[in-house]
Structure formats: structure tokens, C-alpha cells
file my_file17.tsv (TSV, C-alpha atoms)
chain	number	residue	atom	x	y	z
A	15	MET	CA	-3.11	41.04	-58.16
A	16	SER	CA	-1.26	39.90	-55.03
A	17	VAL	CA	0.10	36.37	-54.80
A	18	PHE	CA	0.04	36.49	-51.00
A	19	THR	CA	-3.62	35.62	-50.52
A	20	LEU	CA	-4.09	32.00	-49.43
A	21	SER	CA	-4.40	30.73	-45.89
A	22	GLN	CA	-2.09	27.84	-45.13
A	23	ALA	CA	-4.89	25.27	-45.32
A	24	ASP	CA	-6.13	26.61	-48.66
A	25	LYS	CA	-2.60	26.70	-50.01
A	26	GLU	CA	-1.91	23.09	-49.10
A	27	ARG	CA	-5.18	21.96	-50.66
A	28	ARG	CA	-4.20	23.72	-53.90
A	29	LEU	CA	-0.52	22.77	-53.99
A	30	LEU	CA	-0.73	19.07	-53.11
A	31	PRO	CA	-2.42	17.85	-56.33
A	32	GLU	CA	-0.27	20.15	-58.48
A	33	LEU	CA	2.92	18.85	-56.89
A	34	ARG	CA	1.80	15.24	-57.24
A	35	GLN	CA	1.29	15.87	-60.95
A	36	LEU	CA	4.68	17.55	-61.26
A	37	THR	CA	6.35	14.60	-59.55
A	38	GLU	CA	4.82	12.22	-62.09
A	39	ARG	CA	5.72	14.55	-64.97
A	40	HIS	CA	9.36	14.58	-63.96
A	41	ARG	CA	9.37	10.84	-63.26
A	42	ALA	CA	8.23	10.21	-66.83
A	43	ARG	CA	10.61	12.69	-68.47
A	44	CYS	CA	13.79	12.60	-66.38
A	45	THR	CA	15.36	9.15	-66.10
A	46	PRO	CA	17.83	10.01	-63.28
A	47	TYR	CA	14.95	11.45	-61.25
A	48	ALA	CA	12.86	8.32	-61.84
A	49	ARG	CA	15.76	6.20	-60.56
A	50	ILE	CA	16.08	8.35	-57.44
A	51	LEU	CA	12.36	7.96	-56.71
A	52	ALA	CA	12.52	4.19	-57.19
A	53	ALA	CA	15.57	3.89	-54.95
A	54	THR	CA	13.92	5.88	-52.16
A	55	GLY	CA	10.64	3.98	-52.16
A	56	HIS	CA	8.56	6.50	-54.06
A	57	ASP	CA	7.06	4.27	-56.70
A	58	GLY	CA	4.51	5.55	-59.19
A	59	GLY	CA	0.94	5.80	-57.92
A	60	ARG	CA	1.91	6.23	-54.28
A	61	ALA	CA	-0.58	8.34	-52.32
A	62	TYR	CA	0.62	11.40	-50.40
A	63	ASP	CA	-1.46	12.93	-47.63
A	64	GLY	CA	0.46	16.21	-47.24
A	65	LEU	CA	3.19	18.38	-48.70
A	66	ALA	CA	5.75	17.08	-46.20
A	67	ASP	CA	5.19	13.50	-47.47
A	68	LEU	CA	6.20	14.27	-51.06
A	69	PRO	CA	9.70	13.17	-52.22
A	70	TRP	CA	12.26	15.96	-51.92
A	71	LEU	CA	15.70	16.17	-53.50
A	72	PRO	CA	18.81	17.59	-51.81
A	73	VAL	CA	19.65	20.75	-53.72
A	74	ARG	CA	23.28	19.58	-53.99
A	75	LEU	CA	22.21	16.93	-56.53
A	76	PHE	CA	22.02	19.67	-59.15
A	77	LYS	CA	25.78	20.12	-58.71
A	78	LYS	CA	26.48	16.46	-59.41
A	79	HIS	CA	23.92	15.43	-62.03
A	80	GLU	CA	22.21	16.81	-65.10
A	81	LEU	CA	18.56	16.78	-64.12
A	82	ARG	CA	16.22	18.01	-66.84
A	83	SER	CA	12.79	16.96	-68.01
A	84	VAL	CA	12.94	18.41	-71.53
A	85	PRO	CA	15.04	17.46	-74.55
A	86	ALA	CA	18.38	19.26	-74.84
A	87	ASP	CA	17.32	21.02	-78.03
A	88	GLU	CA	14.38	22.64	-76.23
A	89	VAL	CA	16.59	24.27	-73.57
A	90	VAL	CA	16.75	28.05	-74.09
A	91	LYS	CA	18.61	29.03	-70.89
A	92	VAL	CA	21.07	27.31	-68.58
A	93	LEU	CA	21.39	29.01	-65.19
A	94	THR	CA	24.28	28.34	-62.83
A	95	SER	CA	24.40	28.74	-59.06
A	96	SER	CA	26.94	30.89	-57.27
A	97	GLY	CA	29.03	28.23	-55.51
A	98	THR	CA	32.57	29.33	-54.75
A	99	THR	CA	34.42	26.05	-55.44
A	100	GLY	CA	33.59	25.73	-59.13
A	101	ASP	CA	31.10	22.97	-58.32
A	102	VAL	CA	27.86	24.69	-59.37
A	103	SER	CA	24.28	23.75	-60.02
A	104	ARG	CA	22.98	23.91	-63.58
A	105	VAL	CA	19.30	24.55	-64.17
A	106	HIS	CA	17.80	23.98	-67.63
A	107	LEU	CA	14.84	26.08	-68.76
A	108	ASP	CA	12.70	25.64	-71.84
A	109	ARG	CA	10.54	28.47	-73.17
A	110	GLU	CA	7.52	27.45	-71.09
A	111	ALA	CA	9.47	27.35	-67.82
A	112	ALA	CA	11.36	30.57	-68.56
A	113	ALA	CA	8.10	32.39	-69.33
A	114	ALA	CA	6.42	31.08	-66.18
A	115	GLN	CA	9.25	32.10	-63.88
A	116	THR	CA	9.31	35.61	-65.37
A	117	ARG	CA	5.54	35.96	-65.07
A	118	MET	CA	5.33	34.75	-61.46
A	119	LEU	CA	8.34	36.77	-60.34
A	120	ALA	CA	6.54	39.81	-61.73
A	121	ARG	CA	3.34	39.03	-59.87
A	122	THR	CA	5.26	38.49	-56.64
A	123	LEU	CA	7.19	41.75	-56.80
A	124	GLN	CA	4.25	43.82	-58.00
A	125	THR	CA	2.79	43.24	-54.53
A	126	VAL	CA	5.28	45.82	-53.24
A	127	LEU	CA	6.25	47.69	-56.42
A	128	GLY	CA	2.84	48.24	-57.98
A	129	PRO	CA	2.00	47.68	-61.66
A	130	LYS	CA	4.10	50.46	-63.21
A	131	ARG	CA	7.77	50.18	-64.12
A	132	LEU	CA	9.85	52.54	-62.00
A	133	PRO	CA	13.18	54.26	-62.69
A	134	MET	CA	15.76	51.73	-61.53
A	135	LEU	CA	19.15	51.97	-59.86
A	136	VAL	CA	21.03	48.65	-60.10
A	137	VAL	CA	23.76	48.25	-57.51
A	138	ASP	CA	26.02	46.22	-59.78
A	139	SER	CA	27.83	46.51	-63.10
A	140	ARG	CA	26.32	45.99	-66.54
A	141	GLY	CA	28.80	43.27	-67.47
A	142	VAL	CA	27.21	40.71	-65.12
A	143	VAL	CA	24.37	40.17	-67.63
A	144	ALA	CA	26.49	40.20	-70.78
A	145	ASP	CA	25.93	36.52	-71.72
A	146	ARG	CA	22.34	36.10	-72.87
A	147	ARG	CA	22.20	32.28	-72.74
A	148	SER	CA	24.14	31.22	-69.65
A	149	TYR	CA	23.86	33.19	-66.41
A	150	SER	CA	25.33	33.02	-62.96
A	151	ALA	CA	22.87	33.26	-60.08
A	152	ARG	CA	23.89	36.87	-59.62
A	153	GLY	CA	23.36	37.62	-63.31
A	154	ALA	CA	20.08	35.72	-63.46
A	155	GLY	CA	18.77	37.60	-60.43
A	156	MET	CA	19.73	40.92	-61.90
A	157	LEU	CA	18.33	40.11	-65.33
A	158	GLY	CA	15.04	39.04	-63.80
A	159	MET	CA	14.80	42.29	-61.86
A	160	VAL	CA	15.65	44.77	-64.62
A	161	ASN	CA	12.33	43.92	-66.28
A	162	PHE	CA	10.59	45.80	-63.45
A	163	GLY	CA	12.40	49.05	-64.04
A	164	ARG	CA	13.04	51.68	-66.69
A	165	ASP	CA	15.74	54.27	-67.29
A	166	HIS	CA	18.23	51.84	-65.75
A	167	VAL	CA	21.44	53.15	-64.24
A	168	PHE	CA	24.16	50.76	-63.04
A	169	ALA	CA	25.85	52.03	-59.89
A	170	LEU	CA	29.17	50.24	-60.55
A	171	ASP	CA	31.50	50.69	-63.47
A	172	GLU	CA	33.12	47.87	-65.45
A	173	HIS	CA	35.88	47.60	-62.82
A	174	GLY	CA	33.43	47.10	-59.95
A	175	ALA	CA	33.95	50.57	-58.49
A	176	LEU	CA	31.15	52.95	-57.55
A	177	ASP	CA	30.27	55.37	-60.34
A	178	VAL	CA	29.45	58.33	-58.13
A	179	ALA	CA	28.52	60.57	-61.04
A	180	ALA	CA	26.08	57.99	-62.40
A	181	VAL	CA	24.38	57.48	-59.01
A	182	LYS	CA	24.07	61.20	-58.30
A	183	GLY	CA	22.86	61.80	-61.85
A	184	PHE	CA	20.16	59.18	-61.38
A	185	LEU	CA	19.04	60.70	-58.09
A	186	GLY	CA	19.06	64.14	-59.63
A	187	ARG	CA	16.68	62.98	-62.36
A	188	PHE	CA	14.46	60.58	-60.45
A	189	GLY	CA	15.05	61.03	-56.72
A	190	GLY	CA	11.95	63.16	-56.28
A	191	GLN	CA	9.59	60.33	-57.29
A	192	PRO	CA	9.27	56.63	-56.45
A	193	PHE	CA	12.18	54.63	-57.84
A	194	LEU	CA	13.44	51.06	-57.58
A	195	ILE	CA	16.78	50.00	-56.15
A	196	PHE	CA	17.98	46.44	-56.64
A	197	GLY	CA	21.17	44.91	-55.31
A	198	PHE	CA	22.63	42.17	-53.21
A	199	THR	CA	22.60	43.14	-49.57
A	200	PHE	CA	26.29	43.60	-48.88
A	201	MET	CA	26.77	45.60	-52.07
A	202	VAL	CA	23.89	47.94	-51.18
A	203	TRP	CA	25.55	48.51	-47.81
A	204	LEU	CA	29.05	48.98	-49.18
A	205	TYR	CA	28.27	51.13	-52.20
A	206	LEU	CA	25.14	53.08	-51.24
A	207	TYR	CA	24.96	53.25	-47.46
A	208	GLU	CA	28.66	53.60	-46.65
A	209	THR	CA	29.17	56.19	-49.41
A	210	GLY	CA	27.06	58.55	-47.29
A	211	GLY	CA	25.12	61.66	-48.18
A	212	LEU	CA	22.58	59.99	-50.47
A	213	ASP	CA	18.88	60.81	-50.21
A	214	LEU	CA	17.06	57.55	-50.97
A	215	SER	CA	13.80	58.48	-49.28
A	216	ASN	CA	11.64	57.83	-52.34
A	217	GLY	CA	13.29	54.51	-53.11
A	218	ILE	CA	11.95	50.97	-52.85
A	219	LEU	CA	14.79	48.55	-52.16
A	220	ILE	CA	14.63	44.89	-53.18
A	221	HIS	CA	17.70	43.05	-51.90
A	222	SER	CA	19.02	39.61	-50.97
A	223	GLY	CA	22.19	37.72	-50.10
A	224	GLY	CA	25.48	38.83	-48.63
A	225	TRP	CA	24.42	38.62	-44.99
A	226	LYS	CA	27.59	36.73	-44.05
A	227	LYS	CA	29.75	39.74	-44.92
A	228	LEU	CA	27.42	42.07	-43.01
A	229	ALA	CA	27.54	39.79	-39.97
A	230	ASP	CA	31.30	40.44	-39.89
A	231	ARG	CA	30.37	44.11	-39.47
A	232	ALA	CA	27.76	43.31	-36.78
A	233	VAL	CA	24.92	44.33	-39.07
A	234	GLY	CA	21.79	42.18	-39.03
A	235	ASN	CA	18.49	42.73	-40.81
A	236	ALA	CA	16.98	45.00	-38.15
A	237	GLU	CA	20.12	47.17	-37.99
A	238	PHE	CA	20.34	47.25	-41.79
A	239	ARG	CA	16.80	48.59	-42.03
A	240	ARG	CA	17.21	51.02	-39.12
A	241	ARG	CA	20.37	52.65	-40.42
A	242	LEU	CA	19.13	52.92	-43.98
A	243	ALA	CA	16.00	54.66	-42.68
A	244	THR	CA	17.90	56.99	-40.35
A	245	ASP	CA	20.78	57.93	-42.62
A	246	THR	CA	19.30	57.80	-46.15
A	247	GLY	CA	15.54	58.08	-45.57
A	248	LEU	CA	14.98	54.68	-47.21
A	249	THR	CA	12.10	52.93	-45.43
A	250	ARG	CA	10.51	50.73	-48.10
A	251	VAL	CA	12.90	47.79	-47.85
A	252	HIS	CA	12.15	44.17	-48.83
A	253	ASN	CA	14.63	41.38	-48.36
A	254	PHE	CA	13.93	38.19	-50.31
A	255	TYR	CA	15.08	34.58	-50.23
A	256	GLY	CA	15.43	32.53	-53.37
A	257	MET	CA	17.83	30.34	-55.29
A	258	VAL	CA	18.68	29.55	-58.87
A	259	GLU	CA	17.40	25.99	-58.42
A	260	GLN	CA	13.89	27.43	-58.07
A	261	ILE	CA	14.32	30.45	-60.29
A	262	GLY	CA	11.30	32.76	-60.36
A	263	THR	CA	10.19	31.80	-56.86
A	264	VAL	CA	11.04	34.38	-54.22
A	265	PHE	CA	10.02	34.46	-50.59
A	266	LEU	CA	9.47	38.13	-49.84
A	267	GLU	CA	9.83	40.18	-46.67
A	268	GLY	CA	6.60	41.81	-45.53
A	269	PRO	CA	6.17	45.60	-45.37
A	270	ASP	CA	7.17	45.88	-41.72
A	271	GLY	CA	10.17	43.56	-42.04
A	272	GLY	CA	11.14	40.79	-39.68
A	273	ALA	CA	9.84	37.80	-41.62
A	274	LEU	CA	9.63	36.25	-45.08
A	275	TYR	CA	6.38	35.04	-46.64
A	276	CYS	CA	5.54	32.36	-49.18
A	277	PRO	CA	3.66	33.26	-52.38
A	278	ASP	CA	0.54	31.27	-53.18
A	279	PHE	CA	2.40	28.91	-55.56
A	280	ALA	CA	5.18	28.10	-53.06
A	281	ASP	CA	5.80	27.02	-49.49
A	282	VAL	CA	8.55	26.13	-47.04
A	283	ILE	CA	8.91	23.15	-44.73
A	284	VAL	CA	11.38	23.03	-41.82
A	285	ARG	CA	12.84	19.57	-41.24
A	286	ASP	CA	14.75	17.95	-38.39
A	287	PRO	CA	18.28	17.37	-39.79
A	288	GLN	CA	18.49	14.02	-38.01
A	289	THR	CA	15.08	12.46	-38.65
A	290	TRP	CA	13.88	14.58	-41.63
A	291	ALA	CA	10.52	14.94	-39.88
A	292	GLU	CA	8.65	18.23	-40.31
A	293	LEU	CA	9.22	20.55	-37.35
A	294	PRO	CA	6.54	22.79	-35.80
A	295	PRO	CA	6.70	26.61	-35.73
A	296	GLY	CA	9.39	27.87	-33.41
A	297	SER	CA	11.76	24.94	-33.96
A	298	PRO	CA	14.76	25.63	-36.22
A	299	GLY	CA	15.90	23.10	-38.79
A	300	LEU	CA	16.76	22.60	-42.43
A	301	LEU	CA	14.66	24.51	-44.94
A	302	GLN	CA	12.86	22.72	-47.74
A	303	VAL	CA	11.50	24.94	-50.49
A	304	VAL	CA	8.41	24.01	-52.47
A	305	SER	CA	7.26	25.53	-55.76
A	306	THR	CA	5.04	24.62	-58.69
A	307	LEU	CA	7.18	26.62	-61.17
A	308	PRO	CA	9.92	24.09	-62.07
A	309	THR	CA	8.45	22.21	-65.04
A	310	SER	CA	11.58	21.70	-67.18
A	311	TYR	CA	13.63	20.09	-64.37
A	312	PRO	CA	12.70	18.30	-61.11
A	313	GLY	CA	13.29	21.25	-58.79
A	314	HIS	CA	9.81	21.50	-57.29
A	315	LEU	CA	10.68	19.94	-53.90
A	316	LEU	CA	14.19	20.82	-52.73
A	317	LEU	CA	15.94	20.38	-49.40
A	318	THR	CA	18.32	23.32	-49.09
A	319	GLU	CA	21.51	23.64	-47.06
A	320	ASP	CA	20.05	26.60	-45.17
A	321	LEU	CA	18.77	26.67	-41.61
A	322	GLY	CA	15.46	28.36	-40.93
A	323	VAL	CA	12.51	28.63	-38.62
A	324	VAL	CA	8.79	29.20	-39.12
A	325	HIS	CA	7.63	31.89	-36.68
A	326	GLY	CA	3.91	31.48	-37.19
A	327	VAL	CA	1.11	30.53	-39.55
A	328	ASP	CA	-1.69	32.86	-40.71
A	329	ASP	CA	-0.75	35.39	-38.03
A	330	GLY	CA	1.26	37.99	-39.95
A	331	GLU	CA	0.84	40.82	-42.44
A	332	TRP	CA	0.17	38.28	-45.19
A	333	PRO	CA	-1.43	34.83	-44.82
A	334	GLY	CA	0.46	31.53	-44.72
A	335	LYS	CA	3.79	30.83	-43.08
A	336	ARG	CA	6.14	33.59	-41.98
A	337	PHE	CA	9.71	32.47	-41.51
A	338	SER	CA	13.36	33.48	-41.27
A	339	VAL	CA	16.55	32.08	-42.74
A	340	LEU	CA	19.09	31.59	-39.96
A	341	GLY	CA	22.19	30.89	-42.04
A	342	ARG	CA	24.02	28.07	-43.74
A	343	LEU	CA	24.27	24.55	-42.43
A	344	PRO	CA	27.73	24.24	-40.82
A	345	ARG	CA	30.36	23.12	-43.36
A	346	ALA	CA	27.96	23.76	-46.27
A	347	GLU	CA	29.51	25.61	-49.18
A	348	ALA	CA	28.98	29.37	-49.18
A	349	ARG	CA	26.70	29.99	-52.12
A	350	GLY	CA	24.90	33.31	-51.61
A	351	CYS	CA	24.71	35.34	-54.81
A	352	SER	CA	26.74	38.26	-53.53
A	353	ASP	CA	29.06	36.12	-51.41
A	354	THR	CA	30.83	35.28	-54.68
A	355	PHE	CA	31.70	38.95	-55.12
A	356	THR	CA	35.50	38.70	-55.06
A	357	ALA	CA	37.83	40.40	-52.62
A	358	ALA	CA	39.36	42.32	-55.50
A	359	GLU	CA	35.99	43.76	-56.44
A	360	VAL	CA	35.18	44.70	-52.84
A	361	ALA	CA	38.51	46.46	-52.54
A	362	ALA	CA	38.07	48.41	-55.76

call {"tool": "encode", "arguments": {"input": "my_file17.tsv", "output": "C-alpha cells"}}
result
Amino acid sequence: MSVFTLSQADKERRLLPELRQLTERHRARCTPYARILAATGHDGGRAYDGLADLPWLPVRLFKKHELRSVPADEVVKVLTSSGTTGDVSRVHLDREAAAAQTRMLARTLQTVLGPKRLPMLVVDSRGVVADRRSYSARGAGMLGMVNFGRDHVFALDEHGALDVAAVKGFLGRFGGQPFLIFGFTFMVWLYLYETGGLDLSNGILIHSGGWKKLADRAVGNAEFRRRLATDTGLTRVHNFYGMVEQIGTVFLEGPDGGALYCPDFADVIVRDPQTWAELPPGSPGLLQVVSTLPTSYPGHLLLTEDLGVVHGVDDGEWPGKRFSVLGRLPRAEARGCSDTFTAAEVAA
């Protein structure tokens, strides 16, 4: 069942009471969060008329403070963001939250993948998911995705170099039927597209991150899609936007490309970086991401360090807001999952 079904008005009517309840849940269970709410004038029992009125947190707080709403002995996973300075977010998941994020990620991606697990080519190395308790954003993203595939083949060896024999062996076995490709955007370009001579026409690509490196090569989203289609036959391509601080929530590109959409349990708000007021469609500003999934930590209402714009509402391939991410806020730390792929690995 698709999770891209609700009109914007219906979504807001559904999300507002759920997010109010989540705010009170985290207030009661996370003392630092309760102090933040009190200091910013969001006392208990306050009424909120819309999603934009609810109290958001800057995503950077997860780099500076331990924010969790469950006891330490109930934490089963600690996820870390992909910041490049060593100053990373840490997200604590209990079993309930981990199960919910896996379930809703599955429902989101099944919209474009269908219900059956497909043969899967992972454009990364197996070692990234070696630690089963603590994951980087890159590892967490990969681990979440491998559940949607079968007969997995990793395109890179343990040294970060393309395993040509493995890729061609995979395509020889499965290239004549639908198969799944997952990778961070720059790595897909570097290791699949630029290798040349690969027939990916039956593939479905799910990709994200790494756009900064592609911008250096004058490759934007439209050019990325065009050249993959022309040179490899790959036309089913879906970019997504997400972050470890709202793990399990992904904003997915529609079938025709050009815009991201919000699943029924999530939304985005674009804010003026000076006044914090919500901006109308067509006006770029700072992206706030909204999700009902974070129950073990107060990550349900987060102001990101990314710039974005809402293009329209209820006027696209799927209902709700359609939007684009325009890049990082100037001077914000580079934190895209594949932007932490080291120069040594790229050169390998």
C-alpha cells in the first residue's frame, strides 16, 4: 500500500494531534528536551493551531547533547551522522523505534519497488555494515536498504575499488529481469556510469547524497538522469532525501523526477532564516523536516541546515508538497552520507 496518498489538508489534520502527543511524550521522558521547551516558551498544555507552530529543534543539537527518551538499557542501536569534523549526531533507538523505522521505510520504498524482494547490486563495500550495533549514516542507510533485496552483490571490494568481475557477474545472472541498485549518488556515477559499457536497463536505482561532488563535474539531477538513461538504459531512477536524525523517513523522488514528495507520516516546512516564519511555495529557505517516527528521541520536528523550496502543493504525481533541496546553508558542515567518502577511496 502506498504511503503517498494524503492531500496536504488531510495530512495536516492527521499529523498535528500525533505530533502534539509526541512532543508531550518527549517532554516527559527527556529532561534536556523539557528544559529546551521551557526556555523557549513552549510550556506543557500549550495549544498549537498548525504544524508550523510546533516547537522545532535545530538538528545540530544532536551533535552537542545526548537527547533520548528511553532508558539507556533499552537502547538497541546508536546511529551516527556523517559529519566530517568528528562532531557527529548520535541517535538512540529502542526496539519499538527501530522496528517502526524499518517498517515505514519498507512501505515508502515499496511504492516504487513493489512488494517482492529484487536481486540487489549495492554500490559500496560490505565492510561499511560490519558493526551491528553502531552505524554511520552511510552504513545505516545501506543496512536499511539491503532488506529490500536478495542475492546481494557489493560492487566495491574491501579496498574501495570497483570489483568489475562481481558487477558483470551480477548483471550476467540478473540483468535480464528487474533488479535493484542502491548507492550514494556520486558513487553510482563514479563506479557504474563512468565505468561505461554496462546495461542497466532493467534496474531500479535508489540513490541519495554526494551532489556536491557531482556539481564539481557540472552534473545536476536532470543531467544525471539523462545520461544514465542514454548511456546505460537506466530510466527508473529515484533520488531521496533523508537524514540519520530522522532515520526511516525518506522523501522520495516521483517517477518522472524533478521533485521530492513527503510520505503520509512526514512533511516539510520551509522557513525564513531570519524570522523563522513559514514561507510560501516558490520561496527558498531553510528546510524543517517533520515525522511521527522518532519515538525514542525528540527528533520529530527538526530544523535542518539545508536550503530548500516547495514547488507546489497537491499538484504533482503524488499528493501533498513537492519540493527540492537546494544545497547546504553557507558555512554549514558538509554532512552528506557519501560526502564523507574519503579522497583515498575515490582515488582507488

call {"tool": "closest_residue", "arguments": {"input": "my_file17.tsv", "among": "A:Asp230, A:Asp278, A:Asp270, A:Glu259", "to": "A:Leu317", "atoms": "only C-alpha atoms"}}
result
A:Glu259

call {"tool": "atom_distance", "arguments": {"input": "my_file17.tsv", "atom1": "atom CA of A:Val136", "atom2": "atom CA of A:Phe196"}}
result
5.1 Å

call {"tool": "atom_distance", "arguments": {"input": "my_file17.tsv", "atom1": "atom CA of A:Tyr47", "atom2": "atom CA of A:Leu119"}}
result
26.2 Å

call {"tool": "atom_distance", "arguments": {"input": "my_file17.tsv", "atom1": "atom CA of A:Ala113", "atom2": "atom CA of A:Leu51"}}
result
27.8 Å

call {"tool": "axis_aligned_box", "arguments": {"input": "my_file17.tsv", "around": "stretch 286-292 of chain A", "padding_each_side": "6 Å", "output": "lines of an AutoDock Vina configuration file"}}
result
center_x = 13.6
center_y = 15.3
center_z = -39.8
size_x = 21.8
size_y = 17.8
size_z = 15.6

call {"tool": "closest_residue", "arguments": {"input": "my_file17.tsv", "among": "A:Leu75, A:Val251, A:Leu321, A:Val84", "to": "A:Val102", "atoms": "only C-alpha atoms"}}
result
A:Leu75

call {"tool": "closest_residue", "arguments": {"input": "my_file17.tsv", "among": "A:Tyr311, A:Trp203, A:Phe76, A:Phe279", "to": "A:Arg28", "atoms": "only C-alpha atoms"}}
result
A:Phe279

call {"tool": "closest_residue", "arguments": {"input": "my_file17.tsv", "among": "A:Pro133, A:Gly217, A:Gly163, A:Gly234", "to": "A:Arg187", "atoms": "only C-alpha atoms"}}
result
A:Pro133

call {"tool": "closest_residue", "arguments": {"input": "my_file17.tsv", "among": "A:Val105, A:Ile50, A:Ile195, A:Leu176", "to": "A:Glu208", "atoms": "only C-alpha atoms"}}
result
A:Leu176

call {"tool": "residues_near_point", "arguments": {"input": "my_file17.tsv", "point": "(7.9, 8.3, -64.1)", "cutoff": "8 Å", "atoms": "all atoms listed in the file", "output": "PyMOL selection string"}}
result
chain A and resi 37-45+48+58

call {"tool": "residues_near_point", "arguments": {"input": "my_file17.tsv", "point": "(3.9, 26.1, -44.0)", "cutoff": "9 Å", "atoms": "only C-alpha atoms", "output": "number ranges by chain"}}
result
A: 22-23, 25-26, 276, 281-284, 295, 324, 326-327, 334-337

call {"tool": "build_atoms", "arguments": {"input": "my_file17.tsv", "residues": "stretch 319-332 of chain A", "atoms": "N, CA and C atoms", "output": "PDB file, in the coordinates of the input"}}
result
ATOM      1  N   GLU A 319      20.473  23.753 -48.073  1.00  0.00           N
ATOM      2  CA  GLU A 319      21.510  23.640 -47.060  1.00  0.00           C
ATOM      3  C   GLU A 319      21.453  24.838 -46.116  1.00  0.00           C
ATOM      4  N   ASP A 320      20.270  25.443 -46.024  1.00  0.00           N
ATOM      5  CA  ASP A 320      20.050  26.600 -45.170  1.00  0.00           C
ATOM      6  C   ASP A 320      19.217  26.218 -43.953  1.00  0.00           C
ATOM      7  N   LEU A 321      19.543  26.835 -42.841  1.00  0.00           N
ATOM      8  CA  LEU A 321      18.770  26.670 -41.610  1.00  0.00           C
ATOM      9  C   LEU A 321      17.709  27.753 -41.542  1.00  0.00           C
ATOM     10  N   GLY A 322      16.529  27.381 -41.038  1.00  0.00           N
ATOM     11  CA  GLY A 322      15.460  28.360 -40.930  1.00  0.00           C
ATOM     12  C   GLY A 322      14.483  27.983 -39.841  1.00  0.00           C
ATOM     13  N   VAL A 323      13.539  28.870 -39.618  1.00  0.00           N
ATOM     14  CA  VAL A 323      12.510  28.630 -38.620  1.00  0.00           C
ATOM     15  C   VAL A 323      11.215  29.305 -39.064  1.00  0.00           C
ATOM     16  N   VAL A 324      10.107  28.616 -38.900  1.00  0.00           N
ATOM     17  CA  VAL A 324       8.790  29.200 -39.120  1.00  0.00           C
ATOM     18  C   VAL A 324       8.357  29.870 -37.819  1.00  0.00           C
ATOM     19  N   HIS A 325       8.035  31.152 -37.886  1.00  0.00           N
ATOM     20  CA  HIS A 325       7.630  31.890 -36.680  1.00  0.00           C
ATOM     21  C   HIS A 325       6.150  31.724 -36.374  1.00  0.00           C
ATOM     22  N   GLY A 326       5.339  31.590 -37.408  1.00  0.00           N
ATOM     23  CA  GLY A 326       3.910  31.480 -37.190  1.00  0.00           C
ATOM     24  C   GLY A 326       3.201  31.192 -38.502  1.00  0.00           C
ATOM     25  N   VAL A 327       1.923  30.887 -38.393  1.00  0.00           N
ATOM     26  CA  VAL A 327       1.110  30.530 -39.550  1.00  0.00           C
ATOM     27  C   VAL A 327      -0.186  31.345 -39.505  1.00  0.00           C
ATOM     28  N   ASP A 328      -0.463  32.054 -40.592  1.00  0.00           N
ATOM     29  CA  ASP A 328      -1.690  32.860 -40.710  1.00  0.00           C
ATOM     30  C   ASP A 328      -1.827  33.882 -39.581  1.00  0.00           C
ATOM     31  N   ASP A 329      -0.702  34.423 -39.134  1.00  0.00           N
ATOM     32  CA  ASP A 329      -0.750  35.390 -38.030  1.00  0.00           C
ATOM     33  C   ASP A 329       0.085  36.631 -38.314  1.00  0.00           C
ATOM     34  N   GLY A 330       0.403  36.863 -39.603  1.00  0.00           N
ATOM     35  CA  GLY A 330       1.260  37.990 -39.950  1.00  0.00           C
ATOM     36  C   GLY A 330       0.569  38.973 -40.875  1.00  0.00           C
ATOM     37  N   GLU A 331       1.370  39.818 -41.522  1.00  0.00           N
ATOM     38  CA  GLU A 331       0.840  40.820 -42.440  1.00  0.00           C
ATOM     39  C   GLU A 331       0.186  40.173 -43.656  1.00  0.00           C
ATOM     40  N   TRP A 332       0.742  39.074 -44.097  1.00  0.00           N
ATOM     41  CA  TRP A 332       0.170  38.280 -45.190  1.00  0.00           C
ATOM     42  C   TRP A 332      -0.146  36.885 -44.669  1.00  0.00           C
TER      43      TRP A 332
END
